[in-house]
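S.K.: Supplied structure: protein-v4.cif, mmCIF, C-alpha atoms.
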data_query
loop_
_atom_site.label_atom_id
_atom_site.label_comp_id
_atom_site.auth_asym_id
_atom_site.auth_seq_id
_atom_site.Cartn_x
_atom_site.Cartn_y
_atom_site.Cartn_z
CA MET X 220 0.00 0.00 0.00
CA ASP X 221 2.81 2.37 0.93
CA ASP X 222 4.51 1.52 -2.34
CA LEU X 223 1.41 2.46 -4.28
CA ILE X 224 1.01 5.79 -2.47
CA SER X 225 4.65 6.73 -3.01
CA LEU X 226 4.28 5.76 -6.68
CA ILE X 227 1.24 8.01 -7.04
CA VAL X 228 2.90 10.91 -5.25
CA ALA X 229 5.99 10.64 -7.45
CA ARG X 230 4.12 10.29 -10.77
CA TYR X 231 0.77 12.06 -10.56
CA ASN X 232 2.11 15.20 -12.28
CA TYR X 233 2.81 13.16 -15.42
CA TRP X 234 -0.71 11.74 -15.28
CA VAL X 235 -2.23 15.21 -15.11
CA TYR X 236 -0.30 16.16 -18.25
CA ILE X 237 -1.41 12.97 -19.99
CA VAL X 238 -5.05 13.79 -19.17
CA LEU X 239 -4.58 17.34 -20.52
CA MET X 240 -2.86 16.00 -23.63
CA MET X 241 -5.66 13.53 -24.26
CA ILE X 242 -8.28 16.28 -23.90
CA GLY X 243 -6.45 18.25 -26.58
CA PHE X 244 -6.01 15.18 -28.75
CA TYR X 245 -9.72 14.34 -28.44
CA ALA X 246 -10.66 17.83 -29.56
CA MET X 247 -8.27 17.57 -32.50
CA ILE X 248 -9.58 14.26 -33.86
CA VAL X 249 -13.27 14.24 -32.91
CA LYS X 250 -14.53 17.82 -33.00
CA ARG X 251 -15.80 18.99 -36.37
CA ASN X 252 -15.40 22.72 -35.87
CA LEU X 253 -12.00 23.95 -37.02
CA ILE X 254 -11.66 26.53 -34.25
CA LYS X 255 -12.29 23.80 -31.66
CA LYS X 256 -9.57 21.76 -33.32
CA ILE X 257 -7.18 24.70 -33.04
CA ILE X 258 -8.09 25.08 -29.34
CA GLY X 259 -7.38 21.36 -28.93
CA MET X 260 -3.98 21.85 -30.50
CA GLY X 261 -3.30 24.64 -28.00
CA ILE X 262 -4.22 22.39 -25.06
CA PHE X 263 -2.01 19.64 -26.46
CA GLN X 264 0.96 21.98 -26.76
CA THR X 265 0.40 23.26 -23.21
CA ALA X 266 0.49 19.69 -21.91
CA ILE X 267 3.83 19.08 -23.65
CA ILE X 268 5.25 22.32 -22.24
CA LEU X 269 4.16 21.42 -18.69
CA PHE X 270 5.65 17.94 -19.10
CA PHE X 271 9.06 19.26 -20.12
CA ILE X 272 9.11 21.86 -17.35
CA SER X 273 8.30 19.21 -14.76
CA ILE X 274 11.15 17.01 -16.06
CA GLY X 275 13.55 19.83 -15.24
CA ALA X 276 12.38 20.20 -11.64
CA LYS X 277 14.67 19.30 -8.76
CA ARG X 278 13.64 18.99 -5.16
CA GLY X 279 15.03 21.77 -2.99
CA SER X 280 16.49 23.87 -5.79
CA THR X 281 15.76 27.35 -7.10
CA ILE X 282 15.29 29.00 -10.49
CA PRO X 283 18.29 28.82 -12.84
CA ILE X 284 19.56 32.34 -12.20
CA LEU X 285 22.75 32.56 -10.19
CA ILE X 286 22.39 34.33 -6.88
CA GLU X 287 26.08 35.14 -6.49
CA SER X 288 27.52 36.48 -9.69
CA HIS X 289 30.08 39.13 -8.88
CA PRO X 290 32.82 39.09 -11.48
CA GLY X 291 36.28 38.28 -10.27
CA LYS X 292 35.06 36.52 -7.13
CA GLU X 293 35.76 32.81 -6.93
CA PHE X 294 32.90 30.56 -5.90
CA VAL X 295 31.61 27.12 -6.81
CA VAL X 296 28.23 26.55 -8.44
CA HIS X 297 26.52 23.33 -7.35
CA ALA X 298 24.29 21.85 -10.03
CA ALA X 299 21.91 20.49 -7.37
CA ASP X 300 21.03 24.03 -6.21
CA TYR X 301 19.47 25.10 -9.50
CA ILE X 302 16.64 23.74 -11.64
CA ASN X 303 17.66 22.22 -14.94
CA PRO X 304 17.63 25.19 -17.37
CA LEU X 305 17.63 23.11 -20.56
CA PRO X 306 13.89 22.22 -20.62
CA HIS X 307 13.11 25.88 -19.97
CA VAL X 308 15.07 26.89 -23.06
CA LEU X 309 13.47 24.19 -25.17
CA MET X 310 9.99 25.20 -24.02
CA LEU X 311 10.69 28.88 -24.62
CA THR X 312 11.20 27.99 -28.26
CA ALA X 313 8.20 25.61 -28.18
CA ILE X 314 5.97 28.49 -27.03
CA VAL X 315 7.20 30.56 -29.96
CA VAL X 316 6.46 27.69 -32.34
CA SER X 317 2.98 27.36 -30.83
CA VAL X 318 2.34 31.06 -31.49
CA ALA X 319 3.50 30.63 -35.08
CA THR X 320 1.31 27.56 -35.65
CA LEU X 321 -1.64 29.31 -34.01
CA GLY X 322 -1.27 32.31 -36.32
CA VAL X 323 -1.02 30.19 -39.44
CA ALA X 324 -3.90 27.93 -38.35
CA LEU X 325 -6.17 30.89 -37.64
CA SER X 326 -5.35 32.55 -40.95
CA LEU X 327 -6.15 29.30 -42.77
CA ALA X 328 -9.43 29.14 -40.85
CA VAL X 329 -10.27 32.71 -41.92
CA ARG X 330 -9.55 31.81 -45.51
CA ILE X 331 -11.67 28.64 -45.34
CA TYR X 332 -14.52 30.62 -43.81
CA GLN X 333 -14.32 33.18 -46.61
CA LYS X 334 -14.57 30.44 -49.23
CA TYR X 335 -17.10 28.02 -47.70
CA ASP X 336 -19.03 30.27 -45.26
CA THR X 337 -18.63 27.70 -42.52
CA LEU X 338 -16.04 26.19 -40.21
CA GLU X 339 -17.79 22.82 -39.82
CA GLU X 340 -15.63 20.16 -41.36
CA ASN X 341 -18.43 17.88 -42.63
CA ILE X 342 -20.18 20.74 -44.46
CA ILE X 343 -16.89 21.81 -46.04
CA HIS X 344 -16.38 18.21 -47.13
CA GLU X 345 -19.84 18.08 -48.73
CA LYS X 346 -19.23 21.32 -50.57
CA THR X 347 -15.88 20.20 -51.95
CA MET X 348 -17.44 16.89 -53.02
CA LYS X 349 -20.15 18.78 -54.91
CA VAL X 350 -17.55 20.85 -56.75
CA HIS X 351 -15.62 17.70 -57.65
CA SER X 352 -18.68 15.86 -59.00
CA LYS X 353 -19.66 18.92 -61.04
CA LYS X 354 -16.20 19.00 -62.63
CA ARG X 355 -16.43 15.32 -63.51
CA GLY X 356 -20.00 15.55 -64.83
CA MET G 262 -16.93 8.67 -34.76
CA LYS G 263 -17.11 9.79 -31.17
CA THR G 264 -16.77 6.27 -29.74
CA VAL G 265 -13.88 5.45 -32.07
CA GLY G 266 -12.09 8.66 -31.06
CA LEU G 267 -12.79 8.15 -27.38
CA SER G 268 -11.55 4.57 -27.38
CA ALA G 269 -8.42 5.51 -29.34
CA ILE G 270 -7.70 8.22 -26.81
CA LEU G 271 -8.29 5.88 -23.87
CA ILE G 272 -5.88 3.34 -25.34
CA VAL G 273 -3.19 5.97 -25.99
CA GLY G 274 -3.74 7.47 -22.54
CA ILE G 275 -3.45 4.13 -20.76
CA LEU G 276 -0.30 3.28 -22.71
CA LEU G 277 1.23 6.65 -21.80
CA VAL G 278 0.34 6.21 -18.12
CA TYR G 279 1.91 2.76 -18.26
CA GLY G 280 5.00 4.36 -19.79
CA THR G 281 5.29 6.85 -16.91
CA LEU G 282 5.92 3.98 -14.47
CA ASP G 283 9.48 3.84 -15.77
CA PHE G 284 9.97 7.59 -15.39
CA PRO G 285 12.18 9.10 -12.70
CA ASP G 286 10.33 10.50 -9.68
CA TRP G 287 9.24 14.11 -9.76
CA GLY G 288 12.02 16.42 -8.56
CA ASP G 289 14.70 13.73 -8.54
CA PRO G 290 18.05 15.58 -8.80
CA SER G 291 19.82 12.51 -10.21
CA SER G 292 17.36 11.75 -13.02
CA PRO G 293 18.97 11.35 -16.46
CA ALA G 294 17.62 14.68 -17.68
CA ASN G 295 19.22 16.51 -14.76
CA ARG G 296 22.71 15.06 -15.14
CA TYR G 297 25.15 15.13 -18.07
CA VAL G 298 24.76 18.19 -20.27
CA SER G 299 22.53 20.27 -17.98
CA GLN G 300 24.92 19.84 -15.07
CA ASP G 301 27.70 21.04 -17.33
CA TYR G 302 25.68 24.08 -18.37
CA ILE G 303 24.85 25.06 -14.78
CA GLU G 304 28.41 24.76 -13.53
CA ASN G 305 30.14 26.50 -16.43
CA ALA G 306 27.63 29.09 -17.69
CA LEU G 307 28.91 31.96 -15.57
CA HIS G 308 32.54 31.18 -16.22
CA ASP G 309 32.09 30.79 -19.98
CA ILE G 310 29.62 33.53 -20.74
CA SER G 311 29.44 35.75 -17.63
CA VAL G 312 25.62 35.77 -17.70
CA PRO G 313 23.91 34.87 -14.40
CA ASN G 314 20.66 33.85 -16.09
CA MET G 315 21.48 30.38 -17.38
CA VAL G 316 18.37 30.18 -19.54
CA THR G 317 19.53 33.20 -21.56
CA ALA G 318 23.07 31.82 -21.74
CA ILE G 319 21.90 28.50 -23.15
CA LEU G 320 19.27 30.06 -25.38
CA ALA G 321 21.52 32.51 -27.18
CA ASP G 322 24.97 30.98 -26.87
CA TYR G 323 25.15 27.23 -26.30
CA ARG G 324 22.09 26.69 -28.45
CA GLY G 325 22.46 29.74 -30.66
CA TYR G 326 21.59 27.97 -33.90
CA ASP G 327 18.32 26.71 -32.41
CA THR G 328 17.27 30.25 -31.51
CA LEU G 329 18.37 31.66 -34.86
CA PHE G 330 16.14 29.25 -36.72
CA GLU G 331 13.40 29.82 -34.17
CA THR G 332 13.44 33.46 -35.19
CA VAL G 333 13.32 32.36 -38.82
CA VAL G 334 10.28 30.19 -37.96
CA ILE G 335 8.23 33.09 -36.62
CA PHE G 336 9.39 35.28 -39.51
CA THR G 337 8.10 32.57 -41.85
CA ALA G 338 4.84 32.41 -39.89
CA SER G 339 4.24 36.12 -40.46
CA LEU G 340 5.05 35.72 -44.16
CA VAL G 341 2.64 32.77 -44.39
CA CYS G 342 -0.14 34.79 -42.75
CA PHE G 343 0.57 37.61 -45.18
CA PHE G 344 0.49 35.39 -48.26
CA ILE G 345 -2.61 33.44 -47.17
CA LEU G 346 -4.71 36.40 -46.12
CA ARG G 347 -3.61 39.67 -47.65
CA THR G 348 -5.83 40.94 -50.43
CA LYS G 349 -5.39 43.95 -52.63
CA ARG G 350 -6.69 47.16 -51.20
CA LYS G 351 -9.87 48.04 -53.06
CA ALA G 352 -12.04 51.13 -52.78
CA PRO G 353 -14.50 50.30 -49.99
CA GLU G 354 -18.15 49.71 -50.88
CA ALA G 355 -19.57 52.18 -48.42
CA ARG G 356 -17.92 54.01 -45.57
CA PHE G 357 -19.35 55.25 -42.33
CA TYR G 358 -18.37 58.48 -40.61
CA ARG G 359 -19.36 59.80 -37.24
CA HIS G 360 -19.93 63.52 -36.77
CA ILE G 361 -18.11 64.00 -33.49
CA PRO G 362 -20.04 66.96 -31.95
CA THR G 363 -23.51 65.56 -32.63
CA GLY G 364 -22.86 61.83 -32.79
CA ILE G 365 -24.75 61.43 -36.06
CA THR G 366 -23.51 58.59 -38.29
CA LEU G 367 -23.07 59.34 -41.96
CA LYS G 368 -23.02 56.72 -44.70
CA ILE G 369 -21.04 57.57 -47.81
CA GLU G 370 -21.75 55.44 -50.85
CA LYS G 371 -19.06 54.07 -53.09
CA GLY G 372 -17.17 56.84 -54.83
CA GLY G 373 -18.51 59.55 -52.56
CA ARG G 374 -16.24 61.89 -50.62
CA LEU G 375 -16.38 63.90 -47.46
CA PRO G 376 -16.41 67.68 -47.75
CA GLU G 377 -12.86 69.04 -47.88
CA GLY G 378 -11.16 70.20 -44.71
CA SER G 379 -13.65 68.86 -42.23
CA PHE G 380 -12.05 67.63 -39.03
CA GLU G 381 -15.35 67.00 -37.29
CA PHE G 382 -15.80 63.55 -38.80
CA GLU G 383 -14.13 60.31 -37.83
CA ARG G 384 -14.28 57.11 -39.82
CA ILE G 385 -15.94 54.19 -38.02
CA ASP G 386 -16.32 50.53 -38.97
CA SER G 387 -19.48 49.31 -40.68
CA ILE G 388 -20.33 47.41 -37.50
CA TRP G 389 -21.51 50.31 -35.37
CA ILE G 390 -19.28 50.94 -32.38
CA PRO G 391 -20.11 53.27 -29.51
CA HIS G 392 -18.07 56.33 -28.70
CA ASP G 393 -15.44 55.01 -26.29
CA LEU G 394 -13.54 57.92 -24.80
CA ILE G 395 -12.65 56.17 -21.53
CA VAL G 396 -11.26 53.03 -23.17
CA ARG G 397 -9.20 55.07 -25.62
CA THR G 398 -7.75 57.43 -23.05
CA GLY G 399 -7.07 54.64 -20.57
CA CYS G 400 -5.25 52.51 -23.13
CA ARG G 401 -3.29 55.46 -24.46
CA MET G 402 -2.02 56.09 -20.93
CA VAL G 403 -1.07 52.43 -20.42
CA VAL G 404 0.72 51.92 -23.75
CA PRO G 405 3.96 53.84 -23.00
CA PHE G 406 4.44 52.03 -19.71
CA VAL G 407 3.90 48.66 -21.37
CA GLN G 408 6.52 49.59 -23.95
CA LEU G 409 8.97 50.74 -21.30
CA PHE G 410 8.47 47.46 -19.44
CA ALA G 411 9.11 45.56 -22.68
CA LEU G 412 12.41 47.38 -23.18
CA TYR G 413 13.34 46.56 -19.57
CA VAL G 414 12.55 42.89 -20.12
CA VAL G 415 14.75 42.80 -23.25
CA ALA G 416 17.65 44.68 -21.69
CA HIS G 417 17.50 42.86 -18.36
CA GLY G 418 17.31 39.38 -19.85
CA HIS G 419 20.82 38.58 -18.67
CA ILE G 420 20.27 38.90 -14.94
CA SER G 421 16.56 38.35 -14.46
CA PRO G 422 13.84 36.36 -16.18
CA GLY G 423 13.32 37.87 -19.60
CA GLY G 424 14.90 38.16 -23.00
CA GLY G 425 14.14 38.89 -26.60
CA PHE G 426 11.10 36.67 -27.07
CA GLN G 427 9.31 37.83 -23.93
CA GLY G 428 10.15 41.51 -24.36
CA GLY G 429 9.23 41.41 -28.04
CA VAL G 430 5.84 39.91 -27.27
CA ILE G 431 5.13 42.57 -24.64
CA PHE G 432 6.16 45.32 -27.07
CA GLY G 433 3.93 43.85 -29.76
CA ALA G 434 1.08 43.62 -27.25
CA ALA G 435 1.39 47.37 -26.66
CA PHE G 436 0.79 48.08 -30.36
CA ILE G 437 -2.04 45.55 -30.48
CA LEU G 438 -3.62 47.18 -27.42
CA TYR G 439 -3.45 50.54 -29.16
CA ALA G 440 -5.01 49.14 -32.34
CA LEU G 441 -7.73 47.38 -30.32
CA SER G 442 -8.67 50.35 -28.20
CA HIS G 443 -8.77 52.77 -31.13
CA ASP G 444 -9.35 51.07 -34.43
CA LEU G 445 -7.22 49.23 -36.95
CA ARG G 446 -6.68 52.27 -39.19
CA GLU G 447 -5.42 54.31 -36.23
CA GLY G 448 -3.04 51.49 -35.32
CA LEU G 449 -1.84 51.24 -38.92
CA SER G 450 -1.18 54.98 -39.06
CA ARG G 451 1.14 54.65 -36.04
CA PHE G 452 2.86 51.44 -37.07
CA ASN G 453 2.12 50.57 -40.65
CA GLU G 454 2.30 47.27 -42.41
CA LYS G 455 5.43 48.05 -44.36
CA THR G 456 7.35 48.95 -41.20
CA ALA G 457 6.15 45.75 -39.54
CA ILE G 458 7.38 43.53 -42.35
CA LEU G 459 10.66 45.44 -42.67
CA LEU G 460 11.27 45.07 -38.93
CA CYS G 461 10.49 41.32 -39.05
CA SER G 462 13.34 40.81 -41.46
CA THR G 463 15.57 43.37 -39.71
CA GLY G 464 15.47 41.30 -36.52
CA VAL G 465 16.53 38.14 -38.32
CA PHE G 466 19.18 40.18 -40.14
CA ILE G 467 20.64 41.47 -36.86
CA TYR G 468 20.83 37.96 -35.43
CA ALA G 469 22.44 36.42 -38.50
CA GLY G 470 24.58 39.55 -38.95
CA VAL G 471 26.14 39.11 -35.51
CA GLY G 472 26.91 35.52 -36.50
CA VAL G 473 28.55 36.61 -39.73
CA LEU G 474 30.49 39.32 -37.90
CA CYS G 475 31.95 36.60 -35.69
CA MET G 476 32.94 34.73 -38.84
CA LEU G 477 34.61 37.83 -40.30
CA LEU G 478 36.61 38.19 -37.07
CA GLY G 479 38.01 34.71 -37.55
CA LYS G 480 35.88 32.44 -35.36
CA ASN G 481 32.88 30.18 -36.03
CA PHE G 482 29.39 31.41 -36.92
CA LEU G 483 27.70 32.78 -33.74
CA ASP G 484 30.85 32.29 -31.64
CA TYR G 485 30.58 35.63 -29.81
CA GLY G 486 34.00 35.25 -28.26
CA ALA G 487 35.33 36.74 -31.50
CA LEU G 488 33.75 40.10 -30.59
CA ALA G 489 36.29 40.47 -27.79
CA SER G 490 38.83 42.19 -30.04
CA LEU G 491 36.14 44.52 -31.44
CA LEU G 492 34.69 45.52 -28.06
CA GLY G 493 37.98 45.53 -26.16
CA VAL G 494 36.78 43.29 -23.35
CA GLU G 495 37.64 39.76 -22.31
CA SER G 496 36.08 36.81 -24.09
CA ALA G 497 33.39 35.90 -21.51
CA LEU G 498 32.11 39.47 -21.31
CA ALA G 499 32.14 39.75 -25.10
CA ARG G 500 29.89 36.71 -25.20
CA SER G 501 27.38 38.38 -22.90
CA HIS G 502 27.41 41.51 -25.10
CA GLY G 503 26.94 39.33 -28.16
CA ILE G 504 23.91 37.76 -26.47
CA LEU G 505 22.46 41.24 -25.84
CA ALA G 506 22.81 42.14 -29.54
CA VAL G 507 21.17 38.91 -30.56
CA GLU G 508 18.34 39.35 -28.05
CA ILE G 509 17.62 42.82 -29.43
CA GLY G 510 17.35 41.30 -32.90
CA VAL G 511 14.97 38.62 -31.60
CA GLY G 512 12.92 41.25 -29.77
CA ILE G 513 12.48 43.42 -32.86
CA SER G 514 11.54 40.45 -34.98
CA VAL G 515 9.01 39.00 -32.51
CA MET G 516 7.40 42.40 -31.93
CA ALA G 517 6.91 43.02 -35.64
CA VAL G 518 5.67 39.48 -36.27
CA MET G 519 3.00 39.75 -33.57
CA VAL G 520 1.77 43.07 -34.91
CA SER G 521 1.79 41.91 -38.53
CA ILE G 522 -0.11 38.69 -37.74
CA TYR G 523 -2.64 40.72 -35.74
CA TYR G 524 -3.20 43.18 -38.59
CA ASN G 525 -3.77 40.42 -41.10
CA LEU G 526 -5.96 38.24 -38.88
CA SER G 527 -8.17 40.94 -37.42
CA SER G 528 -9.09 42.42 -40.78
CA ALA G 529 -9.06 39.15 -42.76
CA GLY G 530 -6.28 40.58 -44.91
CA LYS G 531 -8.05 43.75 -46.05
CA GLN G 532 -6.33 45.96 -43.46
CA ASP G 533 -9.14 48.47 -43.66
CA GLU G 534 -11.81 47.62 -41.11
CA GLY G 535 -10.78 45.44 -38.22
CA LEU G 536 -11.51 44.76 -34.60
#
Rewrite the structure of this file - the entire thing - as structure tokens.
M.R.:
Amino acid sequence: MDDLISLIVARYNYWVYIVLMMIGFYAMIVKRNLIKKIIGMGIFQTAIILFFISIGAKRGSTIPILIESHPGKEFVVHAADYINPLPHVLMLTAIVVSVATLGVALSLAVRIYQKYDTLEENIIHEKTMKVHSKKRG
Amino acid sequence: MKTVGLSAILIVGILLVYGTLDFPDWGDPSSPANRYVSQDYIENALHDISVPNMVTAILADYRGYDTLFETVVIFTASLVCFFILRTKRKAPEARFYRHIPTGITLKIEKGGRLPEGSFEFERIDSIWIPHDLIVRTGCRMVVPFVQLFALYVVAHGHISPGGGFQGGVIFGAAFILYALSHDLREGLSRFNEKTAILLCSTGVFIYAGVGVLCMLLGKNFLDYGALASLLGVESALARSHGILAVEIGVGISVMAVMVSIYYNLSSAGKQDEGL
């Protein structure tokens, strides 16, 4: 029983991110509205960002900015005192990528709305099918 | 469709949860991710680069290529938005003007013009919007402080949380706030589309230019240590100055990209009537 509780305490953060990620994934594959799909993509990306940040965490350490940093003074930096900065850097760039994908996705959605007057995927599909059958006939 | 999607997600979720059982515990200092390269970064960042904020040091120096191409990615995103959405500026069908003293709205048909030299009219969007003096004045007072804070975040990225991406986004948000609180045309008259696109590429140019400058001084691309002879300081300090130059480039680029994407999205590419 104790084993199980310690397992849950040590892992539940990952499970929260998996739940978040699956919510986003569900929205991306099941929802028909394109804006809802884009929102799902945002939730998915947030889950990934949280996951990476939590990998970098260390118990009993502080943010990766040196407290003592006077030039010319000799001191030793212990890696255990600071959070792992690498996931932070990677996620900083991931946030920028998510902004870029969001912008492009929204502009595509605007364009699709201008052409088909709807953002529902099944109606867009019907309309494109009609155009195709007209071309063939 | 719903049941298929739900079951697929349940299967993937259960597999992922099963996978986490092999993961290191949360906050374990000796987990694989926290040893090796990250330990090296933490212990040597100050000595190598003389920047107390390790995130900035890694972002712009150890992983300089990554950030350079990141800047190219957002530059490309703004170009993509431009090419997908932007349409040619046509003469508007009908325009609406508000007579400021009386509040009467005037509709001018296509081809019509306002009487010359009248300053009592202001153009409004075809969706009627109320007169919003308080919002406008409030936002106009906030905007300079937001911009000042953005400059602080860019310049202080070495020693506190911050840097080019964050500062650039805040700076862009100031312009977007101005365009939201007034209207899109007012925003465009302050910071027009051409400037935005020029600044997007200027930021990338500054970043890559610093890299090329390092090459001209005889070191590798983006090896800021080469700037030491140019700046007359020791190598570690030259690296921190190189990071500042690069961060300014990133800030300019991000700011212009945010504004340009906002202009194109909010007006569906017409850049005439927007939010």
S.K.: Would you kindly translate the PyMOL selection byres ((chain G) within 8 of (chain X)) into the concrete residues it picks from this file, as a CSV table (one decimal) with C-alpha atoms, keeping the file's coordinate frame?
M.R.:
chain,number,residue,atom,x,y,z
G,262,MET,CA,-16.9,8.7,-34.8
G,263,LYS,CA,-17.1,9.8,-31.2
G,266,GLY,CA,-12.1,8.7,-31.1
G,267,LEU,CA,-12.8,8.2,-27.4
G,270,ILE,CA,-7.7,8.2,-26.8
G,274,GLY,CA,-3.7,7.5,-22.5
G,277,LEU,CA,1.2,6.6,-21.8
G,278,VAL,CA,0.3,6.2,-18.1
G,281,THR,CA,5.3,6.8,-16.9
G,282,LEU,CA,5.9,4.0,-14.5
G,284,PHE,CA,10.0,7.6,-15.4
G,286,ASP,CA,10.3,10.5,-9.7
G,287,TRP,CA,9.2,14.1,-9.8
G,288,GLY,CA,12.0,16.4,-8.6
G,289,ASP,CA,14.7,13.7,-8.5
G,290,PRO,CA,18.0,15.6,-8.8
G,294,ALA,CA,17.6,14.7,-17.7
G,295,ASN,CA,19.2,16.5,-14.8
G,299,SER,CA,22.5,20.3,-18.0
G,300,GLN,CA,24.9,19.8,-15.1
G,303,ILE,CA,24.8,25.1,-14.8
G,304,GLU,CA,28.4,24.8,-13.5
G,307,LEU,CA,28.9,32.0,-15.6
G,311,SER,CA,29.4,35.8,-17.6
G,313,PRO,CA,23.9,34.9,-14.4
G,314,ASN,CA,20.7,33.8,-16.1
G,315,MET,CA,21.5,30.4,-17.4
G,316,VAL,CA,18.4,30.2,-19.5
G,317,THR,CA,19.5,33.2,-21.6
G,319,ILE,CA,21.9,28.5,-23.2
G,320,LEU,CA,19.3,30.1,-25.4
G,328,THR,CA,17.3,30.2,-31.5
G,331,GLU,CA,13.4,29.8,-34.2
G,334,VAL,CA,10.3,30.2,-38.0
G,335,ILE,CA,8.2,33.1,-36.6
G,338,ALA,CA,4.8,32.4,-39.9
G,339,SER,CA,4.2,36.1,-40.5
G,341,VAL,CA,2.6,32.8,-44.4
G,342,CYS,CA,-0.1,34.8,-42.8
G,345,ILE,CA,-2.6,33.4,-47.2
G,346,LEU,CA,-4.7,36.4,-46.1
G,420,ILE,CA,20.3,38.9,-14.9
G,421,SER,CA,16.6,38.4,-14.5
G,426,PHE,CA,11.1,36.7,-27.1
G,522,ILE,CA,-0.1,38.7,-37.7
G,526,LEU,CA,-6.0,38.2,-38.9
G,529,ALA,CA,-9.1,39.2,-42.8
S.K.: Can you give me, as number ranges by chain, the residues this file yields under the PyMOL selection byres ((chain G and resi 367) around 9)?
M.R.: G: 356-360, 365-366, 368-369, 382
S.K.: Between CA of His502 (chain G) and CA of His419 (chain G), measure the distance and give it in Å to one decimal.
M.R.: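 Atom-to-atom, CA of His502 (chain G) to CA of His419 (chain G), that is 9.7 Å.
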S.K.: Figure out the distance between CA of Phe432 (chain G) and CA of Leu449 (chain G), please, to one decimal in Å.
M.R.: 15.5 Å
S.K.: Just give me the gap between CA of Glu383 (chain G) and CA of Ser442 (chain G) in Å, one decimal is fine.
M.R.: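 So the answer is 14.9 Å.
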S.K.: Taking every listed atom of region 260-263 of chain X and adding 3 Å to each side, what centre and edge lengths in Å (one decimal) does the axis-aligned box have, as JSON?
M.R.:
{"center_x": -3.1, "center_y": 22.1, "center_z": -27.8, "size_x": 8.2, "size_y": 11.0, "size_z": 11.4}
S.K.: Leaving out Glu339 (chain X) and any residue of its chain fewer than 4 positions from it, which residues lie within 7 Å of it when counting only C-alpha atoms, given as a count of residues only?
M.R.: 4
S.K.: So, with only C-alpha atoms as the atoms that count, which of G:Gly423, G:Phe410, G:Arg347, G:Val403 lies closest to Tyr523 (chain G)?
M.R.: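 Using only C-alpha atoms, Tyr523 (chain G) sits closest to G:Arg347.
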S.K.: Missing atoms in region 233-244 of chain X: fill them in up to N, CA and C atoms and send the result as a PDB file, keeping the file's coordinate frame.
M.R.:
ATOM      1  N   TYR X 233       2.805  13.653 -14.033  1.00  0.00           N
ATOM      2  CA  TYR X 233       2.810  13.160 -15.420  1.00  0.00           C
ATOM      3  C   TYR X 233       1.401  12.778 -15.855  1.00  0.00           C
ATOM      4  N   TRP X 234       0.641  12.189 -14.908  1.00  0.00           N
ATOM      5  CA  TRP X 234      -0.710  11.740 -15.280  1.00  0.00           C
ATOM      6  C   TRP X 234      -1.606  12.928 -15.583  1.00  0.00           C
ATOM      7  N   VAL X 235      -1.435  14.003 -14.822  1.00  0.00           N
ATOM      8  CA  VAL X 235      -2.230  15.210 -15.110  1.00  0.00           C
ATOM      9  C   VAL X 235      -1.932  15.698 -16.532  1.00  0.00           C
ATOM     10  N   TYR X 236      -0.649  15.681 -16.908  1.00  0.00           N
ATOM     11  CA  TYR X 236      -0.300  16.160 -18.250  1.00  0.00           C
ATOM     12  C   TYR X 236      -0.853  15.218 -19.318  1.00  0.00           C
ATOM     13  N   ILE X 237      -0.865  13.916 -19.004  1.00  0.00           N
ATOM     14  CA  ILE X 237      -1.410  12.970 -19.990  1.00  0.00           C
ATOM     15  C   ILE X 237      -2.907  13.232 -20.171  1.00  0.00           C
ATOM     16  N   VAL X 238      -3.605  13.498 -19.056  1.00  0.00           N
ATOM     17  CA  VAL X 238      -5.050  13.790 -19.170  1.00  0.00           C
ATOM     18  C   VAL X 238      -5.259  15.045 -20.021  1.00  0.00           C
ATOM     19  N   LEU X 239      -4.466  16.091 -19.745  1.00  0.00           N
ATOM     20  CA  LEU X 239      -4.580  17.340 -20.520  1.00  0.00           C
ATOM     21  C   LEU X 239      -4.315  17.076 -22.005  1.00  0.00           C
ATOM     22  N   MET X 240      -3.258  16.289 -22.254  1.00  0.00           N
ATOM     23  CA  MET X 240      -2.860  16.000 -23.630  1.00  0.00           C
ATOM     24  C   MET X 240      -3.958  15.246 -24.355  1.00  0.00           C
ATOM     25  N   MET X 241      -4.606  14.316 -23.630  1.00  0.00           N
ATOM     26  CA  MET X 241      -5.660  13.530 -24.260  1.00  0.00           C
ATOM     27  C   MET X 241      -6.900  14.384 -24.530  1.00  0.00           C
ATOM     28  N   ILE X 242      -7.160  15.361 -23.644  1.00  0.00           N
ATOM     29  CA  ILE X 242      -8.280  16.280 -23.900  1.00  0.00           C
ATOM     30  C   ILE X 242      -8.017  17.033 -25.206  1.00  0.00           C
ATOM     31  N   GLY X 243      -6.793  17.527 -25.355  1.00  0.00           N
ATOM     32  CA  GLY X 243      -6.450  18.250 -26.580  1.00  0.00           C
ATOM     33  C   GLY X 243      -6.520  17.349 -27.805  1.00  0.00           C
ATOM     34  N   PHE X 244      -6.029  16.126 -27.640  1.00  0.00           N
ATOM     35  CA  PHE X 244      -6.010  15.180 -28.750  1.00  0.00           C
ATOM     36  C   PHE X 244      -7.438  14.818 -29.175  1.00  0.00           C
TER      37      PHE X 244
END
